[in-house]
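Remarks on the structure that follows.
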Amino acid sequence: MPPRKRARVPVEVKTVDREAPDFDLLSVIGEMPVGDAACREDRHGWEPFVADRVQFGAVVVRHRIRRCPRCKSTIETWVHPVSGEYMRTPKYDYRVAKGSTPGYLIKGLGAFHGAERGALRLANMDREEAVLAAKSNRRG
Ligand SMILES: [Zn+2]
């Protein structure tokens, strides 16, 4: 039997409209928590979170959930115990916005390409510089 779906608590997801005349990518990046912005730049750093075995009909399927320590997004996979092939399409669960706090998932934002990736990288470097400067000031 496939695993039961977890009950989902509805949360408000931040939505942006890239086509809007006042769309400002840098301000969207600036509102993201530093870890989420880092995941946008570097991709997720998946770590073990759940590892078990689930009965799928006659087969005991290897099941795992890995979680990103920075943005808390997860990827869940169900794999054949012998061949290692996927028994189901891997399922991503991106941390979503709660109230006014943007999460990793921002509807309408999509992927960053070309010059946008450069802008994201520079914005992240500015923010990381500020984090390090603040740490250094606290020490001194
Ligand atoms: Zn992440």
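Residues are named by chain letter and number: chains run A, B, ... in the order of the structure tokens, numbers start at 1 in each chain, and ligands are numbered from 1 in the order shown.
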Legend entry - Neighbourhood of ligand 1 at 9 Å, counting only C-alpha atoms and all ligand atoms, reported as a PyMOL selection string: chain A and resi 35-40+42-46+67-74+94-95+104
Inset, instruction - Pick out the residues sitting within 8 Å of Val50 (chain A), and hand them over as an MDAnalysis selection string; count only C-alpha atoms, and ignore anything fewer than 6 positions along from it in its own chain. - result: chainID A and resid 63:66
Suppose we keep N, CA and C atoms; can you now write the selection as a PDB file, in the first residue's frame?
ATOM      1  N   HIS A  63      12.309   3.748   0.989  1.00  0.00           N
ATOM      2  CA  HIS A  63      11.702   5.077   1.032  1.00  0.00           C
ATOM      3  C   HIS A  63      12.640   6.000   1.793  1.00  0.00           C
ATOM      4  N   ARG A  64      12.813   7.185   1.297  1.00  0.00           N
ATOM      5  CA  ARG A  64      13.619   8.139   2.057  1.00  0.00           C
ATOM      6  C   ARG A  64      13.112   9.552   1.823  1.00  0.00           C
ATOM      7  N   ILE A  65      13.378  10.360   2.820  1.00  0.00           N
ATOM      8  CA  ILE A  65      13.151  11.799   2.694  1.00  0.00           C
ATOM      9  C   ILE A  65      14.468  12.466   3.050  1.00  0.00           C
ATOM     10  N   ARG A  66      14.936  13.332   2.185  1.00  0.00           N
ATOM     11  CA  ARG A  66      16.119  14.128   2.493  1.00  0.00           C
ATOM     12  C   ARG A  66      15.667  15.576   2.645  1.00  0.00           C
TER      13      ARG A  66
END
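Once Leu109 (chain A) and its same-chain neighbours fewer than 2 positions away are set aside, Thr15, Val16, Asp17, Arg18, Ile106, Lys107 and Ala111 of chain A remain within 8 Å of it when counting only C-alpha atoms.
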Restricted to C-alpha atoms, what would the selected residues look like written as a PDB file, in the first residue's frame?
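Final output, saved to out17.pdb:
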ATOM      1  CA  THR A  15       3.219  35.334  -5.250  1.00  0.00           C
ATOM      2  CA  VAL A  16       5.014  37.609  -7.672  1.00  0.00           C
ATOM      3  CA  ASP A  17       4.142  38.675 -11.210  1.00  0.00           C
ATOM      4  CA  ARG A  18       7.258  38.865 -13.334  1.00  0.00           C
ATOM      5  CA  ILE A 106       7.541  32.001  -4.346  1.00  0.00           C
ATOM      6  CA  LYS A 107       4.795  31.449  -6.906  1.00  0.00           C
ATOM      7  CA  ALA A 111      14.102  29.808 -12.093  1.00  0.00           C
TER       8      ALA A 111
END
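Minimum atom-to-atom distance to Val59 (chain A), evaluated using only C-alpha atoms, belongs to A:Val82 out of A:Leu120, A:Val82, A:Ala130, A:Ile75.
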Inset, instruction - Per DSSP on the backbone, filter region 13-135 of chain A down to the residues in strand (DSSP E or B) and report them as a count of residues only. - result: 35
Legend entry - Contacts of Val60 (chain A) within 10 Å, only C-alpha atoms, excl. fewer than 2 positions in-chain, as a ChimeraX atom specification: /A:1,52-58,62-63,78-82
Take the residues that were just selected and, keeping N, CA and C atoms, output them as a short mmCIF file (atom, residue, chain, number, x, y, z; two decimals), in the first residue's frame.
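Below is the file that was written, part.cif:
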data_model
loop_
_atom_site.label_atom_id
_atom_site.label_comp_id
_atom_site.auth_asym_id
_atom_site.auth_seq_id
_atom_site.Cartn_x
_atom_site.Cartn_y
_atom_site.Cartn_z
N MET A 1 0.83 -1.20 0.00
CA MET A 1 0.00 0.00 0.00
C MET A 1 0.87 1.25 0.00
N ASP A 52 13.28 4.59 5.50
CA ASP A 52 12.55 3.41 5.94
C ASP A 52 12.14 2.57 4.74
N ARG A 53 11.34 1.56 4.99
CA ARG A 53 10.88 0.66 3.93
C ARG A 53 9.37 0.60 3.99
N VAL A 54 8.76 0.64 2.81
CA VAL A 54 7.30 0.74 2.73
C VAL A 54 6.80 -0.37 1.82
N GLN A 55 5.77 -1.09 2.28
CA GLN A 55 5.18 -2.16 1.47
C GLN A 55 4.37 -1.56 0.33
N PHE A 56 4.74 -1.89 -0.92
CA PHE A 56 3.99 -1.48 -2.12
C PHE A 56 3.52 -2.76 -2.76
N GLY A 57 2.33 -3.24 -2.49
CA GLY A 57 1.89 -4.53 -3.02
C GLY A 57 2.81 -5.62 -2.51
N ALA A 58 3.46 -6.36 -3.46
CA ALA A 58 4.33 -7.46 -3.06
C ALA A 58 5.77 -7.01 -2.78
N ARG A 62 12.22 0.84 -0.81
CA ARG A 62 13.08 1.73 -0.01
C ARG A 62 12.52 3.15 -0.14
N HIS A 63 12.31 3.75 0.99
CA HIS A 63 11.70 5.08 1.03
C HIS A 63 12.64 6.00 1.79
N TRP A 78 10.81 6.99 -3.55
CA TRP A 78 10.43 5.59 -3.35
C TRP A 78 11.19 4.80 -4.41
N VAL A 79 12.04 3.87 -3.97
CA VAL A 79 12.98 3.21 -4.87
C VAL A 79 12.84 1.69 -4.76
N HIS A 80 12.93 1.01 -5.91
CA HIS A 80 12.87 -0.46 -5.93
C HIS A 80 14.05 -1.02 -5.13
N PRO A 81 13.82 -2.00 -4.25
CA PRO A 81 14.88 -2.47 -3.35
C PRO A 81 16.03 -3.19 -4.06
N VAL A 82 15.83 -3.66 -5.27
CA VAL A 82 16.90 -4.38 -5.98
C VAL A 82 17.50 -3.53 -7.09
#
Legend entry - Atomic distance CA of Ser83 (chain A) - CA of Glu47 (chain A), expressed in Å with one decimal: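 CA of Glu47 (chain A) lies 22.4 Å from CA of Ser83 (chain A).
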Inset, instruction - Would you mind writing down, as an MDAnalysis selection string, each residue of region 18-57 of chain A that DSSP on the backbone assigns to helix (DSSP H, G or I)? - result: chainID A and resid 25:31 34:42
Inset, instruction - One decimal, Å: what's the distance from CA of Asn137 (chain A) over to CA of Ser27 (chain A), could you say? - result: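 CA of Ser27 (chain A) lies at a distance of 25.9 Å from CA of Asn137 (chain A).
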Legend entry - Contacts of Ala119 (chain A) at 12 Å (only C-alpha atoms; same-chain gap of 3+ positions) as a PyMOL selection string: chain A and resi 24-30+37+40-41+112-116+122-126
Inset, instruction - Considering only C-alpha atoms, state which residue in the set A:Ser136, A:Gly110, A:Asp22, A:Val61 is at the smallest distance from Arg88 (chain A). - result: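 Answer, going by the shortest atom-to-atom distance: A:Val61.
Distances here use only C-alpha atoms; by that measure, the residue among A:Leu105, A:Gly84, A:Thr77, A:Val34 closest to Glu128 (chain A) is A:Val34.
The space separating CA of Glu76 (chain A) from CA of Asp93 (chain A) comes to 8.1 Å.
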